[in-house]
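Asker: To be precise about what I am sending: the file is called query.cif and holds mmCIF, C-alpha atoms and all ligand atoms.
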data_final
loop_
_atom_site.group_PDB
_atom_site.id
_atom_site.type_symbol
_atom_site.label_atom_id
_atom_site.label_comp_id
_atom_site.auth_asym_id
_atom_site.auth_seq_id
_atom_site.Cartn_x
_atom_site.Cartn_y
_atom_site.Cartn_z
ATOM 1 C CA MET P 1 20.174 -4.394 58.009
ATOM 2 C CA ILE P 2 17.146 -3.473 55.945
ATOM 3 C CA PHE P 3 19.278 -0.886 54.188
ATOM 4 C CA ARG P 4 21.918 -3.506 53.407
ATOM 5 C CA ILE P 5 19.384 -5.902 51.935
ATOM 6 C CA ARG P 6 17.931 -3.154 49.814
ATOM 7 C CA LEU P 7 21.376 -2.119 48.663
ATOM 8 C CA PHE P 8 22.237 -5.729 47.881
ATOM 9 C CA SER P 9 18.994 -6.098 45.875
ATOM 10 C CA LEU P 10 19.754 -2.904 44.035
ATOM 11 C CA ILE P 11 23.233 -4.144 43.107
ATOM 12 C CA LEU P 12 21.765 -7.473 41.958
ATOM 13 C CA PHE P 13 19.145 -5.644 39.911
ATOM 14 C CA LEU P 14 21.742 -3.407 38.306
ATOM 15 C CA LEU P 15 24.030 -6.339 37.503
ATOM 16 C CA PHE P 16 21.152 -8.329 36.082
ATOM 17 C CA SER P 17 19.701 -5.544 33.982
ATOM 18 C CA THR P 18 23.104 -4.544 32.614
ATOM 19 C CA SER P 19 24.047 -8.092 31.701
ATOM 20 C CA CYS P 20 20.680 -8.615 29.961
ATOM 21 C CA LYS P 21 21.240 -5.563 27.839
ATOM 22 C CA ASP P 22 24.833 -6.470 27.027
ATOM 23 C CA ARG P 23 23.964 -10.046 26.201
ATOM 24 C CA ASN P 24 21.831 -8.952 23.246
ATOM 25 C CA LYS P 25 24.017 -6.155 22.020
ATOM 26 C CA ILE P 26 26.522 -7.195 19.373
ATOM 27 C CA SER P 27 29.485 -4.932 18.701
ATOM 28 C CA LEU P 28 30.878 -5.074 15.192
ATOM 29 C CA GLN P 29 32.820 -2.595 13.104
ATOM 30 C CA ILE P 30 33.596 -2.495 9.412
ATOM 31 C CA ASN P 31 37.080 -2.297 7.951
ATOM 32 C CA ALA P 32 37.194 1.093 6.222
ATOM 33 C CA LYS P 33 40.116 0.128 3.934
ATOM 34 C CA SER P 34 38.233 -2.888 2.704
ATOM 35 C CA ALA P 35 35.108 -0.762 2.149
ATOM 36 C CA MET P 36 37.104 1.762 0.098
ATOM 37 C CA ASN P 37 38.638 -1.063 -1.888
ATOM 38 C CA TYR P 38 35.149 -2.243 -2.889
ATOM 39 C CA VAL P 39 34.109 1.334 -3.717
ATOM 40 C CA GLN P 40 37.112 1.676 -6.031
ATOM 41 C CA LYS P 41 36.329 -1.596 -7.773
ATOM 42 C CA ILE P 42 32.760 -0.463 -8.476
ATOM 43 C CA ALA P 43 33.781 3.062 -9.527
ATOM 44 C CA GLN P 44 36.264 1.619 -12.025
ATOM 45 C CA ILE P 45 33.382 0.083 -13.971
ATOM 46 C CA ALA P 46 32.510 3.328 -15.716
ATOM 47 C CA PRO P 47 29.998 4.172 -16.944
ATOM 48 C CA ARG P 48 27.449 1.619 -15.673
ATOM 49 C CA TYR P 49 24.100 3.160 -16.476
ATOM 50 C CA SER P 50 21.168 0.809 -16.990
ATOM 51 C CA GLY P 51 21.309 -0.936 -20.335
ATOM 52 C CA HIS P 52 25.061 -0.390 -20.820
ATOM 53 C CA PRO P 53 27.100 -3.650 -20.960
ATOM 54 C CA ASN P 54 29.099 -2.420 -17.920
ATOM 55 C CA ASN P 55 25.892 -2.399 -15.888
ATOM 56 C CA ALA P 56 25.546 -6.199 -16.162
ATOM 57 C CA LYS P 57 29.286 -6.542 -15.547
ATOM 58 C CA CYS P 58 28.906 -4.560 -12.323
ATOM 59 C CA ALA P 59 25.882 -6.594 -11.192
ATOM 60 C CA ASN P 60 27.876 -9.785 -11.761
ATOM 61 C CA LEU P 61 30.815 -8.456 -9.750
ATOM 62 C CA ILE P 62 28.513 -7.533 -6.851
ATOM 63 C CA ALA P 63 26.926 -10.990 -6.988
ATOM 64 C CA GLN P 64 30.337 -12.656 -7.041
ATOM 65 C CA ILE P 65 31.678 -10.692 -4.024
ATOM 66 C CA ALA P 66 28.483 -11.159 -1.985
ATOM 67 C CA THR P 67 28.435 -14.901 -2.736
ATOM 68 C CA ALA P 68 32.109 -15.261 -1.774
ATOM 69 C CA ASN P 69 31.195 -13.610 1.526
ATOM 70 C CA GLY P 70 28.496 -16.088 2.444
ATOM 71 C CA ALA P 71 25.325 -14.316 1.244
ATOM 72 C CA ASP P 72 22.572 -16.133 -0.604
ATOM 73 C CA VAL P 73 22.508 -14.193 -3.881
ATOM 74 C CA LYS P 74 19.846 -13.840 -6.545
ATOM 75 C CA LEU P 75 20.038 -11.789 -9.725
ATOM 76 C CA ASP P 76 16.599 -10.491 -10.651
ATOM 77 C CA LYS P 77 16.532 -9.429 -14.313
ATOM 78 C CA PHE P 78 13.561 -7.576 -15.712
ATOM 79 C CA ASN P 79 12.622 -5.334 -18.602
ATOM 80 C CA ALA P 80 10.958 -1.967 -18.259
ATOM 81 C CA PRO P 81 9.922 0.747 -20.680
ATOM 82 C CA THR P 82 12.055 3.906 -20.485
ATOM 83 C CA PRO P 83 12.005 7.175 -22.453
ATOM 84 C CA TYR P 84 14.633 5.466 -24.668
ATOM 85 C CA GLY P 85 12.646 2.285 -25.232
ATOM 86 C CA LYS P 86 12.740 -1.036 -23.410
ATOM 87 C CA VAL P 87 15.801 -1.568 -21.202
ATOM 88 C CA GLU P 88 16.952 -4.670 -19.302
ATOM 89 C CA PHE P 89 17.620 -4.057 -15.614
ATOM 90 C CA GLN P 90 18.945 -6.310 -12.862
ATOM 91 C CA ASN P 91 18.657 -6.063 -9.099
ATOM 92 C CA VAL P 92 21.111 -8.068 -7.024
ATOM 93 C CA ILE P 93 19.542 -9.449 -3.847
ATOM 94 C CA ALA P 94 21.987 -10.772 -1.252
ATOM 95 C CA THR P 95 20.415 -12.300 1.850
ATOM 96 C CA ILE P 96 21.980 -13.120 5.187
ATOM 97 C CA LYS P 97 19.562 -15.358 7.015
ATOM 98 C CA GLY P 98 18.688 -14.310 10.523
ATOM 99 C CA GLN P 99 16.996 -16.147 13.383
ATOM 100 C CA SER P 100 13.655 -14.731 12.238
ATOM 101 C CA GLU P 101 11.885 -14.816 8.865
ATOM 102 C CA LYS P 102 11.180 -11.133 9.384
ATOM 103 C CA PHE P 103 13.655 -9.002 7.508
ATOM 104 C CA ILE P 104 15.222 -5.599 7.047
ATOM 105 C CA ILE P 105 16.068 -4.206 3.599
ATOM 106 C CA ILE P 106 19.390 -2.416 3.260
ATOM 107 C CA GLY P 107 19.609 -0.860 -0.191
ATOM 108 C CA SER P 108 21.951 0.977 -2.521
ATOM 109 C CA HIS P 109 21.826 1.710 -6.237
ATOM 110 C CA PHE P 110 24.810 0.649 -8.299
ATOM 111 C CA ASP P 111 23.901 2.248 -11.646
ATOM 112 C CA THR P 112 25.315 5.589 -12.714
ATOM 113 C CA LYS P 113 23.430 8.458 -14.254
ATOM 114 C CA LYS P 114 23.567 8.331 -18.064
ATOM 115 C CA ILE P 115 25.451 11.509 -18.956
ATOM 116 C CA ASP P 116 26.405 11.554 -22.628
ATOM 117 C CA SER P 117 28.885 14.423 -22.200
ATOM 118 C CA ILE P 118 30.840 12.360 -19.616
ATOM 119 C CA PRO P 119 31.458 9.018 -21.325
ATOM 120 C CA LEU P 120 33.494 7.619 -18.407
ATOM 121 C CA PHE P 121 31.294 8.906 -15.574
ATOM 122 C CA GLN P 122 32.424 7.049 -12.424
ATOM 123 C CA GLY P 123 29.688 7.933 -9.972
ATOM 124 C CA ALA P 124 32.206 7.328 -7.172
ATOM 125 C CA ASN P 125 29.977 8.864 -4.532
ATOM 126 C CA ASP P 126 26.700 8.586 -6.442
ATOM 127 C CA GLY P 127 26.371 4.842 -6.742
ATOM 128 C CA ALA P 128 29.757 3.315 -5.906
ATOM 129 C CA SER P 129 30.179 4.568 -2.298
ATOM 130 C CA SER P 130 27.024 2.969 -0.901
ATOM 131 C CA THR P 131 27.416 -0.139 -3.065
ATOM 132 C CA GLY P 132 30.953 -0.747 -1.789
ATOM 133 C CA LEU P 133 29.790 -0.099 1.750
ATOM 134 C CA LEU P 134 27.006 -2.695 1.536
ATOM 135 C CA LEU P 135 29.523 -5.249 0.277
ATOM 136 C CA GLU P 136 31.713 -4.464 3.291
ATOM 137 C CA LEU P 137 28.743 -4.872 5.642
ATOM 138 C CA ILE P 138 28.116 -8.340 4.174
ATOM 139 C CA ARG P 139 31.804 -9.244 4.526
ATOM 140 C CA THR P 140 31.953 -8.028 8.136
ATOM 141 C CA ILE P 141 28.826 -9.909 9.227
ATOM 142 C CA ASN P 142 29.984 -13.080 7.492
ATOM 143 C CA ARG P 143 33.410 -12.954 9.138
ATOM 144 C CA SER P 144 31.870 -12.423 12.570
ATOM 145 C CA LYS P 145 29.834 -15.667 12.276
ATOM 146 C CA ILE P 146 26.954 -14.026 14.100
ATOM 147 C CA LYS P 147 23.393 -14.827 13.139
ATOM 148 C CA PRO P 148 21.443 -11.557 13.364
ATOM 149 C CA TYR P 149 17.926 -11.682 14.785
ATOM 150 C CA TYR P 150 16.246 -10.323 11.659
ATOM 151 C CA SER P 151 17.175 -11.584 8.215
ATOM 152 C CA LEU P 152 19.103 -8.986 6.262
ATOM 153 C CA ARG P 153 18.273 -8.376 2.611
ATOM 154 C CA PHE P 154 20.981 -6.345 0.977
ATOM 155 C CA ILE P 155 19.543 -5.112 -2.287
ATOM 156 C CA PHE P 156 21.693 -3.549 -4.961
ATOM 157 C CA PHE P 157 19.192 -1.646 -7.060
ATOM 158 C CA ASP P 158 19.578 -1.002 -10.738
ATOM 159 C CA GLY P 159 18.081 2.051 -12.432
ATOM 160 C CA GLU P 160 17.789 4.460 -9.536
ATOM 161 C CA GLU P 161 18.773 7.247 -11.892
ATOM 162 C CA CYS P 162 16.137 8.569 -14.278
ATOM 163 C CA PHE P 163 16.947 8.907 -17.960
ATOM 164 C CA LEU P 164 15.094 12.198 -18.297
ATOM 165 C CA LYS P 165 12.900 13.168 -15.345
ATOM 166 C CA TYR P 166 11.675 11.301 -12.250
ATOM 167 C CA SER P 167 8.113 10.102 -12.733
ATOM 168 C CA ASN P 168 6.083 6.941 -12.213
ATOM 169 C CA ASN P 169 7.718 5.642 -15.413
ATOM 170 C CA ASP P 170 11.260 6.997 -15.178
ATOM 171 C CA GLY P 171 13.849 6.497 -12.421
ATOM 172 C CA LEU P 172 13.753 4.151 -9.389
ATOM 173 C CA TYR P 173 13.303 1.202 -11.789
ATOM 174 C CA GLY P 174 14.859 -1.385 -9.475
ATOM 175 C CA SER P 175 13.244 -0.244 -6.234
ATOM 176 C CA ARG P 176 9.809 0.181 -7.887
ATOM 177 C CA HIS P 177 10.135 -3.344 -9.298
ATOM 178 C CA TYR P 178 11.119 -4.861 -5.946
ATOM 179 C CA ALA P 179 8.506 -2.973 -3.913
ATOM 180 C CA THR P 180 5.820 -4.244 -6.330
ATOM 181 C CA ILE P 181 7.036 -7.842 -5.926
ATOM 182 C CA ILE P 182 6.991 -7.849 -2.120
ATOM 183 C CA LYS P 183 3.643 -6.083 -1.994
ATOM 184 C CA GLU P 184 2.042 -8.535 -4.418
ATOM 185 C CA ASP P 185 3.402 -11.665 -2.733
ATOM 186 C CA LYS P 186 2.599 -10.075 0.648
ATOM 187 C CA SER P 187 6.129 -10.699 1.981
ATOM 188 C CA SER P 188 6.278 -6.951 2.690
ATOM 189 C CA GLU P 189 4.286 -7.828 5.817
ATOM 190 C CA LEU P 190 7.485 -9.427 7.170
ATOM 191 C CA CYS P 191 9.607 -6.357 6.415
ATOM 192 C CA LYS P 192 10.495 -4.386 9.551
ATOM 193 C CA GLY P 193 12.165 -1.449 7.860
ATOM 194 C CA VAL P 194 14.059 -0.157 4.850
ATOM 195 C CA VAL P 195 17.444 1.576 5.117
ATOM 196 C CA ILE P 196 18.705 3.134 1.886
ATOM 197 C CA CYS P 197 22.248 4.472 1.549
ATOM 198 C CA ASP P 198 23.173 6.864 -1.269
ATOM 199 C CA MET P 199 26.088 9.322 -1.643
ATOM 200 C CA ILE P 200 27.602 8.454 1.739
ATOM 201 C CA GLY P 201 31.329 8.703 0.963
ATOM 202 C CA ASP P 202 31.978 12.467 0.731
ATOM 203 C CA LYS P 203 35.040 13.548 2.760
ATOM 204 C CA GLU P 204 32.903 16.319 4.215
ATOM 205 C CA LEU P 205 30.171 14.092 5.496
ATOM 206 C CA LYS P 206 26.778 15.319 6.626
ATOM 207 C CA ILE P 207 23.963 12.853 6.242
ATOM 208 C CA THR P 208 20.618 14.633 5.963
ATOM 209 C CA VAL P 209 17.576 12.365 6.059
ATOM 210 C CA PRO P 210 14.759 13.567 3.740
ATOM 211 C CA SER P 211 11.863 15.000 5.707
ATOM 212 C CA GLY P 212 9.396 12.408 4.394
ATOM 213 C CA CYS P 213 11.196 9.446 6.011
ATOM 214 C CA ASP P 214 9.754 7.536 8.956
ATOM 215 C CA ALA P 215 10.134 9.518 12.197
ATOM 216 C CA GLY P 216 10.419 6.497 14.513
ATOM 217 C CA LEU P 217 12.912 4.545 12.429
ATOM 218 C CA THR P 218 15.030 7.640 11.805
ATOM 219 C CA LYS P 219 15.099 8.537 15.505
ATOM 220 C CA GLU P 220 16.280 5.005 16.326
ATOM 221 C CA LEU P 221 19.058 5.384 13.779
ATOM 222 C CA PHE P 222 20.066 8.810 15.105
ATOM 223 C CA ASP P 223 20.226 7.300 18.620
ATOM 224 C CA VAL P 224 22.545 4.574 17.362
ATOM 225 C CA ALA P 225 24.699 7.221 15.666
ATOM 226 C CA LYS P 226 24.953 9.110 18.980
ATOM 227 C CA GLN P 227 25.863 5.936 20.892
ATOM 228 C CA ASN P 228 28.708 5.417 18.398
ATOM 229 C CA GLY P 229 29.950 8.991 18.901
ATOM 230 C CA TYR P 230 28.833 10.020 15.396
ATOM 231 C CA GLY P 231 25.682 11.972 16.237
ATOM 232 C CA LYS P 232 26.911 15.192 14.643
ATOM 233 C CA TYR P 233 27.108 13.625 11.191
ATOM 234 C CA PHE P 234 23.379 12.830 11.057
ATOM 235 C CA ALA P 235 20.424 15.226 10.927
ATOM 236 C CA TRP P 236 17.024 15.731 9.365
ATOM 237 C CA SER P 237 16.808 17.612 6.089
ATOM 238 C CA SER P 238 14.257 20.408 5.821
ATOM 239 C CA PHE P 239 13.096 19.052 2.443
ATOM 240 C CA ASP P 240 12.017 15.739 0.982
ATOM 241 C CA ILE P 241 13.841 13.862 -1.742
ATOM 242 C CA ILE P 242 12.991 11.102 -4.221
ATOM 243 C CA ASP P 243 15.293 8.109 -3.883
ATOM 244 C CA ASP P 244 15.096 4.308 -3.685
ATOM 245 C CA HIS P 245 13.219 4.490 -0.380
ATOM 246 C CA THR P 246 10.236 6.210 -2.074
ATOM 247 C CA PRO P 247 8.584 3.082 -3.592
ATOM 248 C CA PHE P 248 8.812 1.330 -0.191
ATOM 249 C CA LYS P 249 7.298 4.295 1.583
ATOM 250 C CA LYS P 250 4.464 4.173 -0.941
ATOM 251 C CA ILE P 251 3.661 0.563 0.027
ATOM 252 C CA GLY P 252 3.546 1.568 3.695
ATOM 253 C CA LEU P 253 6.945 0.455 4.982
ATOM 254 C CA PRO P 254 9.005 2.536 7.428
ATOM 255 C CA THR P 255 11.970 3.928 5.547
ATOM 256 C CA VAL P 256 15.112 5.901 6.277
ATOM 257 C CA ASN P 257 17.241 7.334 3.473
ATOM 258 C CA LEU P 258 20.844 8.095 4.395
ATOM 259 C CA ILE P 259 22.061 10.642 1.867
ATOM 260 C CA ASP P 260 24.529 13.517 1.898
ATOM 261 C CA PHE P 261 23.099 15.705 -0.829
ATOM 262 C CA ASN P 262 25.702 18.412 -0.513
ATOM 263 C CA TYR P 263 28.644 16.961 -2.407
ATOM 264 C CA GLY P 264 31.273 19.657 -2.803
ATOM 265 C CA LYS P 265 30.364 23.288 -2.327
ATOM 266 C CA HIS P 266 26.684 23.741 -3.319
ATOM 267 C CA ASN P 267 26.619 20.097 -4.437
ATOM 268 C CA ARG P 268 28.867 20.994 -7.369
ATOM 269 C CA TYR P 269 30.426 17.505 -7.786
ATOM 270 C CA TRP P 270 27.056 15.815 -8.162
ATOM 271 C CA HIS P 271 26.445 14.362 -11.646
ATOM 272 C CA THR P 272 29.713 15.823 -12.938
ATOM 273 C CA LYS P 273 33.044 14.362 -13.970
ATOM 274 C CA ALA P 274 34.349 15.504 -10.563
ATOM 275 C CA ASP P 275 32.493 12.630 -8.860
ATOM 276 C CA THR P 276 35.667 10.583 -8.450
ATOM 277 C CA VAL P 277 37.123 8.478 -5.652
ATOM 278 C CA ASP P 278 39.567 11.183 -4.479
ATOM 279 C CA LYS P 279 36.557 13.172 -3.147
ATOM 280 C CA LEU P 280 35.700 10.333 -0.748
ATOM 281 C CA SER P 281 37.226 9.236 2.538
ATOM 282 C CA GLU P 282 37.563 5.989 4.454
ATOM 283 C CA LYS P 283 36.451 7.849 7.561
ATOM 284 C CA SER P 284 33.070 8.730 6.026
ATOM 285 C CA LEU P 285 32.541 5.130 4.944
ATOM 286 C CA LYS P 286 33.397 4.012 8.471
ATOM 287 C CA ILE P 287 30.988 6.459 10.126
ATOM 288 C CA VAL P 288 28.022 5.394 8.006
ATOM 289 C CA GLY P 289 29.099 1.745 7.936
ATOM 290 C CA ASP P 290 29.454 1.331 11.697
ATOM 291 C CA VAL P 291 26.157 3.108 12.389
ATOM 292 C CA VAL P 292 24.206 1.089 9.826
ATOM 293 C CA LEU P 293 25.833 -2.147 11.004
ATOM 294 C CA ASP P 294 24.983 -1.488 14.656
ATOM 295 C CA PHE P 295 21.464 -0.495 13.645
ATOM 296 C CA ILE P 296 20.681 -3.571 11.557
ATOM 297 C CA ILE P 297 22.192 -6.225 13.814
ATOM 298 C CA ASN P 298 20.831 -4.820 17.083
ATOM 299 C CA PHE P 299 17.513 -3.651 15.652
ATOM 300 C CA GLU P 300 14.680 -4.315 18.134
ATOM 301 C CA PHE P 301 11.434 -3.133 16.554
HETATM 302 ZN ZN ZN X 401 22.593 10.350 -9.090
#
Mind turning this structure into structure tokens?
Answerer:
Amino acid sequence: MIFRIRLFSLILFLLFSTSCKDRNKISLQINAKSAMNYVQKIAQIAPRYSGHPNNAKCANLIAQIATANGADVKLDKFNAPTPYGKVEFQNVIATIKGQSEKFIIIGSHFDTKKIDSIPLFQGANDGASSTGLLLELIRTINRSKIKPYYSLRFIFFDGEECFLKYSNNDGLYGSRHYATIIKEDKSSELCKGVVICDMIGDKELKITVPSGCDAGLTKELFDVAKQNGYGKYFAWSSFDIIDDHTPFKKIGLPTVNLIDFNYGKHNRYWHTKADTVDKLSEKSLKIVGDVVLDFIINFEF
């Protein structure tokens, strides 16, 4: 009899604990075709380096798509000195309100590298892939009608690429600008984490997180990748890298940078005219998209 009661309690406990866990967990998946469609639309606006008329055109398209998909969108225009003189930049900030004021930043740069020898540089992987993916994340969350716990700030950064050489005054214009704003107005205190996506569309996907990223946040993300059956596509890199997460790391926020910095053999497609949509795959967008989506809507820090 005692055994039976204990067994009964155990079953009750198991049922209860499982249902509690399942109640909070939201399962959502992106539509990879739709993601690729957005990537193509962005890549077609070529080139779109900061200061080029196409750059503003691209920012407006992002704003239009995010607004049509239910996000609260702001265009933040600012000027900054560059090695080529003053340039106007614009970040696009698309917010999905959560139950909490606390928020997560999900970022991608949409600008292309200014390469004078490639007048129509598409930056299909380097700029367009992550930008299209973020738009698909917004669309998927909006369609699902869920209200995530944390507010989600999707930020499309301008000016990630440097004109000459990365320094405190060249490159990362949009992310440096935004990190300064949230530090100065102290809203960074409400930020739970920063997830940056960059070059995530390569057919031969292997995301390698720069060694300087936050260990705890990155481990959480790797766990989510494993739960989705995609663990093998994510690993730590043995070296650090400068990207849009860097300014947020500098103001003390936990950051994870999802980047596949081996694009073609020995990274040979990177910053070349070969960075075109045919090098990308829907499957890669889906792998990164589903992992990031699961991570940001079920995030429990
Ligand atoms: Zn680049």
Asker: Counting only C-alpha atoms and all ligand atoms, which protein, DNA or RNA residues come within 8 Å of ligand ZN 401 (chain X), given as a ChimeraX atom specification?
Answerer: /P:112-113,123,126-127,160-161,270-271
Asker: Name the residues that the PyMOL selection byres (((chain P and resi 76) around 8) and not hetatm) picks from the file above, as a PyMOL selection string, using the file's chain letters and numbers.
Answerer: chain P and resi 74-75+77-78+90-93
Asker: What is the atom CA of P:Asn125 to atom CA of P:Asn60 distance in Å?
Answerer: 20.1 Å
Asker: May I have the residues within 12 Å of P:Lys86 as a ChimeraX atom specification, using all atoms listed in the file and disregarding those fewer than 6 positions away in the same chain?
Answerer: /P:50-51,78-80,169-170,173
Asker: Give me, please, the distance in Å between atom CA of P:Ile138 and atom CA of P:Ala225, quoted to one decimal.
Answerer: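 Computing the Euclidean distance for atom CA of P:Ile138 and atom CA of P:Ala225 yields 19.6 Å.
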Asker: Starting from the PyMOL selection byres (((chain P and resi 276-281) around 12) and not hetatm), expand the selection into actual residues of this file and give them as a CSV table (one decimal) with C-alpha atoms, in the coordinates of the input.
Answerer:
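To be explicit, this is the file written out as part_19.csv:
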chain,number,residue,atom,x,y,z
P,32,ALA,CA,37.2,1.1,6.2
P,33,LYS,CA,40.1,0.1,3.9
P,35,ALA,CA,35.1,-0.8,2.1
P,36,MET,CA,37.1,1.8,0.1
P,37,ASN,CA,38.6,-1.1,-1.9
P,38,TYR,CA,35.1,-2.2,-2.9
P,39,VAL,CA,34.1,1.3,-3.7
P,40,GLN,CA,37.1,1.7,-6.0
P,41,LYS,CA,36.3,-1.6,-7.8
P,42,ILE,CA,32.8,-0.5,-8.5
P,43,ALA,CA,33.8,3.1,-9.5
P,44,GLN,CA,36.3,1.6,-12.0
P,46,ALA,CA,32.5,3.3,-15.7
P,120,LEU,CA,33.5,7.6,-18.4
P,121,PHE,CA,31.3,8.9,-15.6
P,122,GLN,CA,32.4,7.0,-12.4
P,123,GLY,CA,29.7,7.9,-10.0
P,124,ALA,CA,32.2,7.3,-7.2
P,125,ASN,CA,30.0,8.9,-4.5
P,126,ASP,CA,26.7,8.6,-6.4
P,127,GLY,CA,26.4,4.8,-6.7
P,128,ALA,CA,29.8,3.3,-5.9
P,129,SER,CA,30.2,4.6,-2.3
P,130,SER,CA,27.0,3.0,-0.9
P,132,GLY,CA,31.0,-0.7,-1.8
P,133,LEU,CA,29.8,-0.1,1.8
P,199,MET,CA,26.1,9.3,-1.6
P,200,ILE,CA,27.6,8.5,1.7
P,201,GLY,CA,31.3,8.7,1.0
P,202,ASP,CA,32.0,12.5,0.7
P,203,LYS,CA,35.0,13.5,2.8
P,204,GLU,CA,32.9,16.3,4.2
P,205,LEU,CA,30.2,14.1,5.5
P,260,ASP,CA,24.5,13.5,1.9
P,263,TYR,CA,28.6,17.0,-2.4
P,264,GLY,CA,31.3,19.7,-2.8
P,265,LYS,CA,30.4,23.3,-2.3
P,268,ARG,CA,28.9,21.0,-7.4
P,269,TYR,CA,30.4,17.5,-7.8
P,270,TRP,CA,27.1,15.8,-8.2
P,271,HIS,CA,26.4,14.4,-11.6
P,272,THR,CA,29.7,15.8,-12.9
P,273,LYS,CA,33.0,14.4,-14.0
P,274,ALA,CA,34.3,15.5,-10.6
P,275,ASP,CA,32.5,12.6,-8.9
P,282,GLU,CA,37.6,6.0,4.5
P,283,LYS,CA,36.5,7.8,7.6
P,284,SER,CA,33.1,8.7,6.0
P,285,LEU,CA,32.5,5.1,4.9
P,286,LYS,CA,33.4,4.0,8.5
P,287,ILE,CA,31.0,6.5,10.1
P,288,VAL,CA,28.0,5.4,8.0
Asker: Give me, please, the distance in Å between atom CA of P:Val73 and atom CA of P:Lys97, quoted to one decimal.
Answerer: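 The value is 11.3 Å.
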Asker: Run through the PyMOL selection byres (((chain P and resi 241-249) around 7) and not hetatm) on the given coordinates and return the selected residues as number ranges by chain.
Answerer: P: 160, 172, 175-176, 179, 196, 210, 239-240, 250-255, 257
Asker: Could you give me, as a PyMOL selection string, the residues within 7 Å of stretch 290-296 of chain P, counting all atoms listed in the file and dropping anything in the same chain fewer than 5 positions from it?
Answerer: chain P and resi 27-30+137+221+224-225+228
Asker: Around (10.0, 15.0, 7.3) in the file's frame, which residues reach within 8 Å when counting all atoms listed in the file? Return as a PDB file with C-alpha atoms, in the frame of the given file?
Answerer:
ATOM      1  CA  PRO P 210      14.759  13.567   3.740  1.00  0.00           C
ATOM      2  CA  SER P 211      11.863  15.000   5.707  1.00  0.00           C
ATOM      3  CA  GLY P 212       9.396  12.408   4.394  1.00  0.00           C
ATOM      4  CA  CYS P 213      11.196   9.446   6.011  1.00  0.00           C
ATOM      5  CA  ASP P 214       9.754   7.536   8.956  1.00  0.00           C
ATOM      6  CA  ALA P 215      10.134   9.518  12.197  1.00  0.00           C
ATOM      7  CA  TRP P 236      17.024  15.731   9.365  1.00  0.00           C
ATOM      8  CA  SER P 237      16.808  17.612   6.089  1.00  0.00           C
ATOM      9  CA  SER P 238      14.257  20.408   5.821  1.00  0.00           C
ATOM     10  CA  PHE P 239      13.096  19.052   2.443  1.00  0.00           C
ATOM     11  CA  ASP P 240      12.017  15.739   0.982  1.00  0.00           C
TER      12      ASP P 240
END
Asker: Considering only C-alpha atoms, state which residue in the set P:Val256, P:Ala68, P:Cys162, P:Ala63 is at the smallest distance from P:Asn142.
Answerer: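 Ranked by minimum distance to P:Asn142, first place goes to P:Ala68.
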Asker: So which one's closest to P:Lys102, P:Asn168, P:Ser151, P:Gln227, P:Asn31? Using all atoms listed in the file, please.
Answerer: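 Ranked by minimum distance to P:Lys102, first place goes to P:Ser151.
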Asker: Looking at all atoms listed in the file, which of P:Gly98, P:Gly231, P:Gly174, P:Gly289 is the one that sits closest to P:Lys147?
Answerer: P:Gly98
Asker: Pick out the closest residue to P:His52 from this set: P:Phe261, P:Tyr178, P:Phe89, P:Phe234. Count all atoms listed in the file.
Answerer: P:Phe89
